Amino acid sequence: MDVTAILDQLNEAQREAVSSPLGHALVLAGAGSGKTRVLTQRIAWLSEVEGLSPFSIMAVTFTNKAAAEMRHRIEAQLNMPLRGMWVGTFHGLAHRFLRAHWQDANLDQNFQILDADDQLRMVRRVMVSLDIDEKKWPPRQSVWWINAQKDDGLRAAHIHDQGDVFVQVQLRVYRAYEEACERGGLVDFAELLLRMHETLLNRPELLAHYQRRFKAILVDEFQDTNALQYAWLRVLAGNSSHVMVVGDDDQSIYGWRGAKIENIQRFEKDFKATSIFRLEQNYRSTATILQAANGLIEKNADRLGKSLWTADAEGERIGLYAAYNEIDESRFIVARIQDSFNGGEALSEHAILYRSNAQSRVLEEGLLRAQIPYRIYGGQRFFERAEIRTALAYLRLLSSRDSDAAFERVVNVPPRGIGDKSIGLLRDFAREKQLSLWQAATELCANDALPGRAQRAVAAFLSTIDTLDESTDQFDLPSLVETVIDAMGLKSHYEKEGGERGQARLENLSELVSAARSFDPDDQVMFEEDSEIEISILDAFLAHAALEAGDAQGDRTQDAVQMMTMHSAKGLEFKTVFLAGMEDGLFPHQMSMDEPGRLEEERRLCYVGITRARQKLYLTYAESRRLNGSDHYNRPSRFISDIPRELVEEIRAHEVLVRPALSTSRPPKVRFKTEVEGTQLKLGQKVNHAKFGEGVILAYEGTGPQARVQVAFDGQGIKWLMAAMAKLEPKE
DNA sequence: CCTTTATTTTTTTTT
DNA sequence: AAAATAAAGG
């Protein structure tokens, strides 16, 4: 065995981590310090030096992108067979486990995965049947609450309302939702993990089996694990497994999803005799970029403490561009990319990162105009498009007739005379008899219990599906998909819609066929000696669609500018990075500005964004930005001033100002116009409101009928109101 | 029952 | 501004 080949290209700290003796290890790895490399080399070390079989190694990450990257690197660098090795996301691995052990997990053999949208619909349905007022109790909030409970490992049965009305209501929803999922054989994202965790605890022999099997467990992005994932890891590791976790507290950006930074400290305590390694040398960025990142993150309290350094050259200063508006911002970015591209850089070395997906549109238009190819990750994912979901719902109905979600989605698309009224009848009957919609429809039809027209339409629908199912029995996946799209009239339906929109939909549908063609179930993690997993290729494809949402659209190989949110950029790097929309209210986001804890998370997100850049970093903000229909005049992001001034050079249209400009140059103060245009209101104005009583206007956004004002009411708190709706009476 | 039009709501980040 | 939903018209 050649040990040097494994340790060859590593620095001292990395080498120590990679070659550490078996036992638990915590690797604190700063951005760009080569943590993925440490992980892959560690796997090589475990297999080649420690002699562990690939079957006994598990490597977990969070995102599909990171998992793919890791798989790729292991394959390429180590020349190791990946089959049998558990490399994947928490959710992906849990899914596989549940497919293999559906009986032990008390699941339907062909259980379906509920994606975010399905889940929302389901909760909404449940709330309707519980007669809970949607206005008072938003379904989104309930979804959020339920997921938060599951992320903490809590079932409805574990929760006590303690007389809290809010909890009482949510709990009712949670219980009913649990039941509905159980009945329908449905599993949401959090449920995958929770169910696997419970199954391991309930089935000691199964647990023992896996504990024996996994000699080594490696976890990437450990700072993003939530309570449930942590518990999951602990159970699986047992007493015999060697666990190595890699994380960076400064890059923890998923607190809103239940991630607990504290897990890093807990790990030290819970996993005895942990050796700790720190990777502090950065190999990615210039000294300037790194200093900017360090300067920013220092403003956070509560850090484990770590300072990154680099041997790299100073590099160029950070460009700061104050755009007029969002269109000017996009123009600036496009121009810079064009320059750089003409200078010989690959487009794919340029990334535009933003806080929220909605920002991508304007940037996209700019690139489109300049005819620069680009690729957007996230946002409207491929499998989330309406036409794709409809086609998938047909497939799902073929696979399991009792899927109510699929039934409802599909029953009247394209229109076949089964409207709200008929569906209402089906739904009522189904609820009464505890049947699925499909069963209800079948029974009602058999008894001629529906009004004539509906009767005929429903019967026709049922038999169409059944015949289709029979006739496609022997088809392979792509032909099946194609046939379904064709036979169910989706093609002609969207052809009729016409226009660019319809055209795009048709293209997406044929894209779905090619996705089916290139789908390879063997790509998934396989089990060693476990029985062949009983799952049809169709079900595997559907699960894949839910689990990976497929953000790969368009041509993967073409050289293109990369666009994504800062969240999805984690783990990636580019030569040139643009952070767009650096404005208070956008980034840090409005919703996160008030709470210190959440503000710090936003700052960490900014840190992640900055550290994606290798050579050149641009920050841009717009003095005026049109968002959700009205204009906003936001201040430049507070994060800009967290960066040491001497590292920044301000760029104003075509000229470069040498003086440090942050403090002195402010945009024209349009926003301090005190009167709200088109109304009789102005800042500081005392007003009267029919319900809330007396108050003072603190702020506003938008103008005329669109204007919203923020009012501090006496004793009623601070509220945002539509000026046109609120009927505020000026006082004094 | 279907289609068109008006109204209302929504707008963070993801598996 | 766009999308989802409700109401009206055919």
# chains A, B, ... in the order shown; residues from 1 in each chain; ligands from 1
$ residues_around --residues "Arg278 in chain A" --least-positions-apart "4" --cutoff "8 Å" --atoms "only C-alpha atoms (C1' of nucleotides)" --output "short mmCIF file (atom, residue, chain, number, x, y, z; two decimals) with N, CA, C and O atoms, in the first residue's frame"
data_model
loop_
_atom_site.label_atom_id
_atom_site.label_comp_id
_atom_site.auth_asym_id
_atom_site.auth_seq_id
_atom_site.Cartn_x
_atom_site.Cartn_y
_atom_site.Cartn_z
N ALA A 13 -1.71 19.97 8.86
CA ALA A 13 -2.97 19.78 9.57
C ALA A 13 -3.87 18.78 8.86
O ALA A 13 -4.47 17.90 9.48
N VAL A 27 -13.24 17.82 12.85
CA VAL A 27 -12.38 18.65 12.02
C VAL A 27 -13.06 20.01 11.84
O VAL A 27 -14.13 20.10 11.26
N LEU A 28 -12.44 21.03 12.41
CA LEU A 28 -12.96 22.38 12.23
C LEU A 28 -12.25 22.96 11.02
O LEU A 28 -11.05 23.22 11.05
N ALA A 29 -13.01 23.12 9.98
CA ALA A 29 -12.39 23.48 8.72
C ALA A 29 -12.98 24.76 8.18
O ALA A 29 -14.16 24.83 7.89
#
$ residues_around --residues "DA7 in chain C" --least-positions-apart "3" --cutoff "12 Å" --atoms "only C-alpha atoms (C1' of nucleotides)" --output "list of chain:residue names"
B:DT4, B:DT5, B:DA6, B:DT7, B:DT8
$ interface_residues --of "chain B" --to "chain A" --cutoff "8 Å" --atoms "only C-alpha atoms (C1' of nucleotides)" --output "ChimeraX atom specification"
/B:1,11-13,15
$ residues_around --residues "DA3 in chain C" --least-positions-apart "2" --cutoff "10 Å" --atoms "only C-alpha atoms (C1' of nucleotides)" --output "PyMOL selection string"
(chain B and resi 9-10) or (chain C and resi 1+5)
$ residues_around --residues "Val235 in chain A" --least-positions-apart "3" --cutoff "8 Å" --atoms "only C-alpha atoms (C1' of nucleotides)" --output "PyMOL selection string"
chain A and resi 197+200-201+231-232+238
$ write_last_selection --atoms "N, CA, C and O atoms" --output "CSV table (one decimal), in the first residue's frame"
chain,number,residue,atom,x,y,z
A,197,HIS,N,-35.0,6.7,12.1
A,197,HIS,CA,-34.5,6.8,13.5
A,197,HIS,C,-35.3,5.9,14.4
A,197,HIS,O,-34.8,5.1,15.1
A,200,LEU,N,-34.8,2.1,13.8
A,200,LEU,CA,-33.6,1.6,14.4
A,200,LEU,C,-33.8,1.4,15.8
A,200,LEU,O,-33.3,0.4,16.4
A,201,LEU,N,-34.5,2.3,16.5
A,201,LEU,CA,-34.7,2.1,17.9
A,201,LEU,C,-35.7,1.0,18.3
A,201,LEU,O,-35.5,0.3,19.3
A,231,ALA,N,-29.3,12.9,16.5
A,231,ALA,CA,-29.7,11.7,17.2
A,231,ALA,C,-29.5,10.5,16.3
A,231,ALA,O,-29.1,9.4,16.8
A,232,TRP,N,-29.9,10.7,15.1
A,232,TRP,CA,-29.8,9.6,14.1
A,232,TRP,C,-28.3,9.1,14.0
A,232,TRP,O,-28.0,7.9,14.0
A,238,GLY,N,-23.5,4.1,17.4
A,238,GLY,CA,-23.4,3.1,18.5
A,238,GLY,C,-22.1,3.3,19.3
A,238,GLY,O,-21.6,4.4,19.4
$ residues_around --residues "Thr472 in chain A" --least-positions-apart "2" --cutoff "12 Å" --atoms "only C-alpha atoms (C1' of nucleotides)" --output "JSON, numbers by chain"
{"A": [395, 398, 399, 465, 466, 467, 468, 469, 470, 474, 475, 476, 477, 478, 479, 480, 481, 482, 483, 484, 487, 538]}
$ residues_around --residues "Ser56 in chain A" --least-positions-apart "4" --cutoff "7 Å" --atoms "only C-alpha atoms (C1' of nucleotides)" --output "list in words"
Leu52, Arg213, Phe214, Lys215 and Ala216 of chain A
$ atom_distance --atom1 "CA of Ala311 in chain A" --atom2 "CA of Thr286 in chain A"
8.5 Å
$ atom_distance --atom1 "CA of Ile264 in chain A" --atom2 "CA of Asn226 in chain A"
11.0 Å
$ closest_residue --among "A:Asp104, A:Glu134, A:Asp328, A:Asp448" --to "Gly581 in chain A" --atoms "only C-alpha atoms"
A:Asp328
$ select_by_dssp --residues "range 194-406 of chain A" --states "strand (DSSP E or B)" --output "PDB file with N, CA, C and O atoms, in the first residue's frame"
ATOM      1  N   ALA A 216     -17.011   3.099   9.953  1.00  0.00           N
ATOM      2  CA  ALA A 216     -16.634   4.509   9.882  1.00  0.00           C
ATOM      3  C   ALA A 216     -17.774   5.335   9.294  1.00  0.00           C
ATOM      4  O   ALA A 216     -18.374   4.960   8.295  1.00  0.00           O
ATOM      5  N   ILE A 217     -18.072   6.441   9.954  1.00  0.00           N
ATOM      6  CA  ILE A 217     -19.094   7.355   9.461  1.00  0.00           C
ATOM      7  C   ILE A 217     -18.474   8.737   9.331  1.00  0.00           C
ATOM      8  O   ILE A 217     -17.835   9.229  10.264  1.00  0.00           O
ATOM      9  N   LEU A 218     -18.640   9.339   8.181  1.00  0.00           N
ATOM     10  CA  LEU A 218     -18.106  10.685   7.970  1.00  0.00           C
ATOM     11  C   LEU A 218     -19.246  11.637   7.644  1.00  0.00           C
ATOM     12  O   LEU A 218     -20.114  11.320   6.838  1.00  0.00           O
ATOM     13  N   VAL A 219     -19.244  12.785   8.307  1.00  0.00           N
ATOM     14  CA  VAL A 219     -20.322  13.743   8.082  1.00  0.00           C
ATOM     15  C   VAL A 219     -19.751  15.082   7.644  1.00  0.00           C
ATOM     16  O   VAL A 219     -18.882  15.642   8.307  1.00  0.00           O
ATOM     17  N   ASN A 226     -29.445  19.053  12.300  1.00  0.00           N
ATOM     18  CA  ASN A 226     -30.452  19.409  13.297  1.00  0.00           C
ATOM     19  C   ASN A 226     -30.501  18.329  14.382  1.00  0.00           C
ATOM     20  O   ASN A 226     -29.750  17.362  14.343  1.00  0.00           O
ATOM     21  N   HIS A 242     -16.500   4.550  14.149  1.00  0.00           N
ATOM     22  CA  HIS A 242     -15.617   5.705  14.266  1.00  0.00           C
ATOM     23  C   HIS A 242     -16.203   6.841  13.459  1.00  0.00           C
ATOM     24  O   HIS A 242     -16.454   6.699  12.270  1.00  0.00           O
ATOM     25  N   VAL A 243     -16.421   7.935  14.130  1.00  0.00           N
ATOM     26  CA  VAL A 243     -17.128   9.037  13.481  1.00  0.00           C
ATOM     27  C   VAL A 243     -16.201  10.219  13.260  1.00  0.00           C
ATOM     28  O   VAL A 243     -15.517  10.659  14.179  1.00  0.00           O
ATOM     29  N   MET A 244     -16.170  10.699  12.047  1.00  0.00           N
ATOM     30  CA  MET A 244     -15.435  11.927  11.772  1.00  0.00           C
ATOM     31  C   MET A 244     -16.410  12.953  11.221  1.00  0.00           C
ATOM     32  O   MET A 244     -17.102  12.692  10.246  1.00  0.00           O
ATOM     33  N   VAL A 245     -16.490  14.082  11.906  1.00  0.00           N
ATOM     34  CA  VAL A 245     -17.367  15.125  11.394  1.00  0.00           C
ATOM     35  C   VAL A 245     -16.540  16.342  11.003  1.00  0.00           C
ATOM     36  O   VAL A 245     -15.538  16.653  11.640  1.00  0.00           O
ATOM     37  N   VAL A 246     -16.963  16.979   9.948  1.00  0.00           N
ATOM     38  CA  VAL A 246     -16.255  18.142   9.453  1.00  0.00           C
ATOM     39  C   VAL A 246     -17.218  19.302   9.430  1.00  0.00           C
ATOM     40  O   VAL A 246     -18.332  19.171   8.935  1.00  0.00           O
ATOM     41  N   GLY A 247     -16.817  20.411   9.998  1.00  0.00           N
ATOM     42  CA  GLY A 247     -17.750  21.521  10.028  1.00  0.00           C
ATOM     43  C   GLY A 247     -17.075  22.863  10.236  1.00  0.00           C
ATOM     44  O   GLY A 247     -15.880  22.944  10.509  1.00  0.00           O
ATOM     45  N   ALA A 259     -31.229  23.598  12.219  1.00  0.00           N
ATOM     46  CA  ALA A 259     -29.829  23.229  12.411  1.00  0.00           C
ATOM     47  C   ALA A 259     -29.315  23.807  13.728  1.00  0.00           C
ATOM     48  O   ALA A 259     -29.676  24.904  14.130  1.00  0.00           O
ATOM     49  N   SER A 275     -10.532  13.516  18.912  1.00  0.00           N
ATOM     50  CA  SER A 275      -9.403  14.371  18.580  1.00  0.00           C
ATOM     51  C   SER A 275      -9.904  15.508  17.701  1.00  0.00           C
ATOM     52  O   SER A 275     -10.808  15.336  16.897  1.00  0.00           O
ATOM     53  N   ILE A 276      -9.325  16.658  17.916  1.00  0.00           N
ATOM     54  CA  ILE A 276      -9.783  17.838  17.195  1.00  0.00           C
ATOM     55  C   ILE A 276      -8.699  18.347  16.256  1.00  0.00           C
ATOM     56  O   ILE A 276      -7.531  18.449  16.637  1.00  0.00           O
ATOM     57  N   PHE A 277      -9.094  18.608  15.046  1.00  0.00           N
ATOM     58  CA  PHE A 277      -8.151  19.151  14.076  1.00  0.00           C
ATOM     59  C   PHE A 277      -8.694  20.469  13.559  1.00  0.00           C
ATOM     60  O   PHE A 277      -9.893  20.615  13.352  1.00  0.00           O
ATOM     61  N   ARG A 278      -7.782  21.391  13.355  1.00  0.00           N
ATOM     62  CA  ARG A 278      -8.211  22.674  12.793  1.00  0.00           C
ATOM     63  C   ARG A 278      -7.526  22.914  11.465  1.00  0.00           C
ATOM     64  O   ARG A 278      -6.303  22.830  11.363  1.00  0.00           O
ATOM     65  N   LEU A 279      -8.316  23.212  10.483  1.00  0.00           N
ATOM     66  CA  LEU A 279      -7.745  23.566   9.191  1.00  0.00           C
ATOM     67  C   LEU A 279      -7.956  25.059   9.001  1.00  0.00           C
ATOM     68  O   LEU A 279      -9.074  25.519   8.853  1.00  0.00           O
ATOM     69  N   GLN A 281      -5.610  27.054   7.069  1.00  0.00           N
ATOM     70  CA  GLN A 281      -4.989  27.654   5.896  1.00  0.00           C
ATOM     71  C   GLN A 281      -5.944  27.571   4.716  1.00  0.00           C
ATOM     72  O   GLN A 281      -6.451  26.505   4.372  1.00  0.00           O
ATOM     73  N   TRP A 309      -5.937  32.024   7.235  1.00  0.00           N
ATOM     74  CA  TRP A 309      -4.847  32.761   6.622  1.00  0.00           C
ATOM     75  C   TRP A 309      -4.519  32.128   5.287  1.00  0.00           C
ATOM     76  O   TRP A 309      -4.923  31.005   4.998  1.00  0.00           O
ATOM     77  N   ILE A 318     -11.734  44.638  -3.634  1.00  0.00           N
ATOM     78  CA  ILE A 318     -13.116  44.223  -3.855  1.00  0.00           C
ATOM     79  C   ILE A 318     -13.895  45.356  -4.509  1.00  0.00           C
ATOM     80  O   ILE A 318     -13.857  46.489  -4.036  1.00  0.00           O
ATOM     81  N   GLY A 319     -14.559  45.047  -5.581  1.00  0.00           N
ATOM     82  CA  GLY A 319     -15.308  46.075  -6.288  1.00  0.00           C
ATOM     83  C   GLY A 319     -16.676  46.290  -5.668  1.00  0.00           C
ATOM     84  O   GLY A 319     -17.380  45.337  -5.350  1.00  0.00           O
ATOM     85  N   LEU A 320     -17.004  47.561  -5.443  1.00  0.00           N
ATOM     86  CA  LEU A 320     -18.332  47.864  -4.900  1.00  0.00           C
ATOM     87  C   LEU A 320     -19.048  48.775  -5.879  1.00  0.00           C
ATOM     88  O   LEU A 320     -18.556  49.853  -6.212  1.00  0.00           O
ATOM     89  N   TYR A 321     -20.154  48.359  -6.369  1.00  0.00           N
ATOM     90  CA  TYR A 321     -20.873  49.160  -7.348  1.00  0.00           C
ATOM     91  C   TYR A 321     -22.233  49.580  -6.818  1.00  0.00           C
ATOM     92  O   TYR A 321     -23.043  48.747  -6.402  1.00  0.00           O
ATOM     93  N   ALA A 322     -22.447  50.892  -6.826  1.00  0.00           N
ATOM     94  CA  ALA A 322     -23.747  51.414  -6.411  1.00  0.00           C
ATOM     95  C   ALA A 322     -24.579  51.643  -7.657  1.00  0.00           C
ATOM     96  O   ALA A 322     -24.342  52.577  -8.411  1.00  0.00           O
ATOM     97  N   ALA A 323     -25.521  50.775  -7.886  1.00  0.00           N
ATOM     98  CA  ALA A 323     -26.331  50.896  -9.096  1.00  0.00           C
ATOM     99  C   ALA A 323     -27.522  51.802  -8.847  1.00  0.00           C
ATOM    100  O   ALA A 323     -27.960  51.966  -7.717  1.00  0.00           O
ATOM    101  N   TYR A 324     -28.000  52.391  -9.923  1.00  0.00           N
ATOM    102  CA  TYR A 324     -29.201  53.192  -9.862  1.00  0.00           C
ATOM    103  C   TYR A 324     -30.389  52.364  -9.381  1.00  0.00           C
ATOM    104  O   TYR A 324     -31.095  52.701  -8.466  1.00  0.00           O
ATOM    105  N   ASN A 325     -30.553  51.289 -10.128  1.00  0.00           N
ATOM    106  CA  ASN A 325     -31.667  50.401  -9.805  1.00  0.00           C
ATOM    107  C   ASN A 325     -31.262  48.979 -10.186  1.00  0.00           C
ATOM    108  O   ASN A 325     -30.128  48.748 -10.601  1.00  0.00           O
ATOM    109  N   HIS A 350     -17.625  32.396 -13.521  1.00  0.00           N
ATOM    110  CA  HIS A 350     -18.317  33.569 -12.996  1.00  0.00           C
ATOM    111  C   HIS A 350     -19.619  33.133 -12.336  1.00  0.00           C
ATOM    112  O   HIS A 350     -20.400  32.404 -12.936  1.00  0.00           O
ATOM    113  N   ALA A 351     -19.802  33.587 -11.110  1.00  0.00           N
ATOM    114  CA  ALA A 351     -21.042  33.244 -10.425  1.00  0.00           C
ATOM    115  C   ALA A 351     -21.727  34.510  -9.947  1.00  0.00           C
ATOM    116  O   ALA A 351     -21.078  35.437  -9.466  1.00  0.00           O
ATOM    117  N   ILE A 352     -23.022  34.560 -10.130  1.00  0.00           N
ATOM    118  CA  ILE A 352     -23.808  35.647  -9.556  1.00  0.00           C
ATOM    119  C   ILE A 352     -24.625  35.050  -8.421  1.00  0.00           C
ATOM    120  O   ILE A 352     -25.410  34.129  -8.632  1.00  0.00           O
ATOM    121  N   LEU A 353     -24.373  35.554  -7.232  1.00  0.00           N
ATOM    122  CA  LEU A 353     -25.063  35.017  -6.055  1.00  0.00           C
ATOM    123  C   LEU A 353     -26.000  36.067  -5.485  1.00  0.00           C
ATOM    124  O   LEU A 353     -25.706  37.255  -5.506  1.00  0.00           O
ATOM    125  N   TYR A 354     -27.128  35.614  -5.009  1.00  0.00           N
ATOM    126  CA  TYR A 354     -28.100  36.535  -4.453  1.00  0.00           C
ATOM    127  C   TYR A 354     -28.794  35.901  -3.263  1.00  0.00           C
ATOM    128  O   TYR A 354     -28.668  34.705  -3.018  1.00  0.00           O
ATOM    129  N   TYR A 374     -26.270  31.176 -19.519  1.00  0.00           N
ATOM    130  CA  TYR A 374     -26.230  31.127 -18.062  1.00  0.00           C
ATOM    131  C   TYR A 374     -26.976  29.893 -17.606  1.00  0.00           C
ATOM    132  O   TYR A 374     -27.720  29.275 -18.353  1.00  0.00           O
ATOM    133  N   ARG A 375     -26.741  29.574 -16.357  1.00  0.00           N
ATOM    134  CA  ARG A 375     -27.434  28.432 -15.779  1.00  0.00           C
ATOM    135  C   ARG A 375     -27.880  28.805 -14.389  1.00  0.00           C
ATOM    136  O   ARG A 375     -27.083  29.258 -13.570  1.00  0.00           O
ATOM    137  N   ILE A 376     -29.168  28.648 -14.139  1.00  0.00           N
ATOM    138  CA  ILE A 376     -29.707  28.999 -12.829  1.00  0.00           C
ATOM    139  C   ILE A 376     -29.933  27.723 -12.023  1.00  0.00           C
ATOM    140  O   ILE A 376     -30.522  26.773 -12.526  1.00  0.00           O
TER     141      ILE A 376
END
$ closest_residue --among "A:Arg626, A:Phe111, A:Ala440, A:Val173" --to "chain C" --atoms "only C-alpha atoms (C1' of nucleotides)"
A:Arg626
$ select_by_dssp --residues "range 53-126 of chain A" --states "alpha helix (DSSP H)" --output "tab-separated table (two decimals) with N, CA and C atoms, in the first residue's frame"
chain	number	residue	atom	x	y	z
A	64	ASN	N	-27.77	17.54	-2.45
A	64	ASN	CA	-27.50	16.61	-3.53
A	64	ASN	C	-26.23	16.99	-4.27
A	65	LYS	N	-26.04	18.30	-4.38
A	65	LYS	CA	-24.87	18.77	-5.10
A	65	LYS	C	-23.58	18.31	-4.41
A	66	ALA	N	-23.57	18.47	-3.09
A	66	ALA	CA	-22.38	18.08	-2.33
A	66	ALA	C	-22.17	16.57	-2.40
A	67	ALA	N	-23.27	15.83	-2.35
A	67	ALA	CA	-23.16	14.38	-2.41
A	67	ALA	C	-22.60	13.94	-3.76
A	68	ALA	N	-23.10	14.57	-4.80
A	68	ALA	CA	-22.63	14.23	-6.14
A	68	ALA	C	-21.14	14.53	-6.26
A	69	GLU	N	-20.76	15.69	-5.72
A	69	GLU	CA	-19.36	16.10	-5.77
A	69	GLU	C	-18.47	15.08	-5.06
A	70	MET	N	-18.92	14.68	-3.89
A	70	MET	CA	-18.13	13.74	-3.11
A	70	MET	C	-18.01	12.40	-3.84
A	71	ARG	N	-19.12	11.93	-4.36
A	71	ARG	CA	-19.12	10.66	-5.09
A	71	ARG	C	-18.13	10.73	-6.26
A	72	HIS	N	-18.23	11.84	-6.94
A	72	HIS	CA	-17.39	12.09	-8.09
A	72	HIS	C	-15.91	12.04	-7.72
A	73	ARG	N	-15.58	12.74	-6.65
A	73	ARG	CA	-14.18	12.83	-6.25
A	73	ARG	C	-13.65	11.49	-5.77
A	74	ILE	N	-14.47	10.78	-5.05
A	74	ILE	CA	-14.02	9.48	-4.57
A	74	ILE	C	-13.73	8.57	-5.75
A	75	GLU	N	-14.63	8.60	-6.70
A	75	GLU	CA	-14.47	7.76	-7.86
A	75	GLU	C	-13.22	8.13	-8.65
A	76	ALA	N	-13.07	9.43	-8.88
A	76	ALA	CA	-11.98	9.89	-9.73
A	76	ALA	C	-10.63	9.71	-9.06
A	77	GLN	N	-10.51	10.19	-7.82
A	77	GLN	CA	-9.20	10.22	-7.19
A	77	GLN	C	-8.78	8.88	-6.61
A	78	LEU	N	-9.73	8.14	-6.13
A	78	LEU	CA	-9.34	6.96	-5.39
A	78	LEU	C	-9.53	5.68	-6.17
A	90	PHE	N	-28.53	12.92	3.86
A	90	PHE	CA	-29.28	12.31	4.95
A	90	PHE	C	-30.60	11.75	4.43
A	91	HIS	N	-31.29	12.58	3.67
A	91	HIS	CA	-32.62	12.17	3.21
A	91	HIS	C	-32.53	11.02	2.22
A	92	GLY	N	-31.55	11.10	1.33
A	92	GLY	CA	-31.41	10.05	0.34
A	92	GLY	C	-31.11	8.70	0.98
A	93	LEU	N	-30.21	8.71	1.96
A	93	LEU	CA	-29.84	7.45	2.62
A	93	LEU	C	-31.02	6.90	3.42
A	94	ALA	N	-31.71	7.80	4.10
A	94	ALA	CA	-32.87	7.35	4.88
A	94	ALA	C	-33.92	6.74	3.96
A	95	HIS	N	-34.09	7.34	2.82
A	95	HIS	CA	-35.05	6.83	1.86
A	95	HIS	C	-34.70	5.40	1.46
A	96	ARG	N	-33.45	5.19	1.13
A	96	ARG	CA	-33.01	3.85	0.75
A	96	ARG	C	-33.26	2.83	1.86
A	97	PHE	N	-32.94	3.28	3.04
A	97	PHE	CA	-33.13	2.40	4.19
A	97	PHE	C	-34.59	1.99	4.30
A	98	LEU	N	-35.47	2.96	4.17
A	98	LEU	CA	-36.89	2.68	4.34
A	98	LEU	C	-37.43	1.80	3.22
A	99	ARG	N	-36.89	1.97	2.03
A	99	ARG	CA	-37.30	1.09	0.93
A	99	ARG	C	-36.93	-0.35	1.24
A	100	ALA	N	-35.76	-0.51	1.82
A	100	ALA	CA	-35.28	-1.86	2.10
A	100	ALA	C	-36.02	-2.48	3.29
A	116	ALA	N	-42.49	19.36	-0.89
A	116	ALA	CA	-42.98	20.52	-0.14
A	116	ALA	C	-44.38	20.92	-0.59
A	117	ASP	N	-44.60	20.89	-1.89
A	117	ASP	CA	-45.89	21.32	-2.41
A	117	ASP	C	-46.99	20.33	-2.04
A	118	ASP	N	-46.71	19.06	-2.21
A	118	ASP	CA	-47.67	18.03	-1.81
A	118	ASP	C	-48.05	18.18	-0.35
A	119	GLN	N	-47.03	18.45	0.43
A	119	GLN	CA	-47.24	18.55	1.87
A	119	GLN	C	-48.18	19.70	2.21
A	120	LEU	N	-47.95	20.82	1.57
A	120	LEU	CA	-48.81	21.97	1.82
A	120	LEU	C	-50.25	21.66	1.45
A	121	ARG	N	-50.46	21.03	0.28
A	121	ARG	CA	-51.81	20.68	-0.13
A	121	ARG	C	-52.46	19.75	0.88
A	122	MET	N	-51.68	18.79	1.32
A	122	MET	CA	-52.20	17.81	2.26
A	122	MET	C	-52.62	18.49	3.56
A	123	VAL	N	-51.77	19.36	4.07
A	123	VAL	CA	-52.09	20.05	5.31
A	123	VAL	C	-53.34	20.90	5.12
A	124	ARG	N	-53.42	21.54	3.97
A	124	ARG	CA	-54.58	22.37	3.68
A	124	ARG	C	-55.85	21.52	3.72
A	125	ARG	N	-55.78	20.36	3.07
A	125	ARG	CA	-56.94	19.48	3.05
A	125	ARG	C	-57.35	19.06	4.44
A	126	VAL	N	-56.33	18.70	5.21
A	126	VAL	CA	-56.59	18.27	6.57
A	126	VAL	C	-57.26	19.38	7.37
$ atom_distance --atom1 "CA of Gln141 in chain A" --atom2 "C1' of DA4 in chain C"
17.2 Å
$ closest_residue --among "A:His209, A:Lys306, A:Arg361, A:Arg317" --to "chain C" --atoms "only C-alpha atoms (C1' of nucleotides)"
A:Arg361
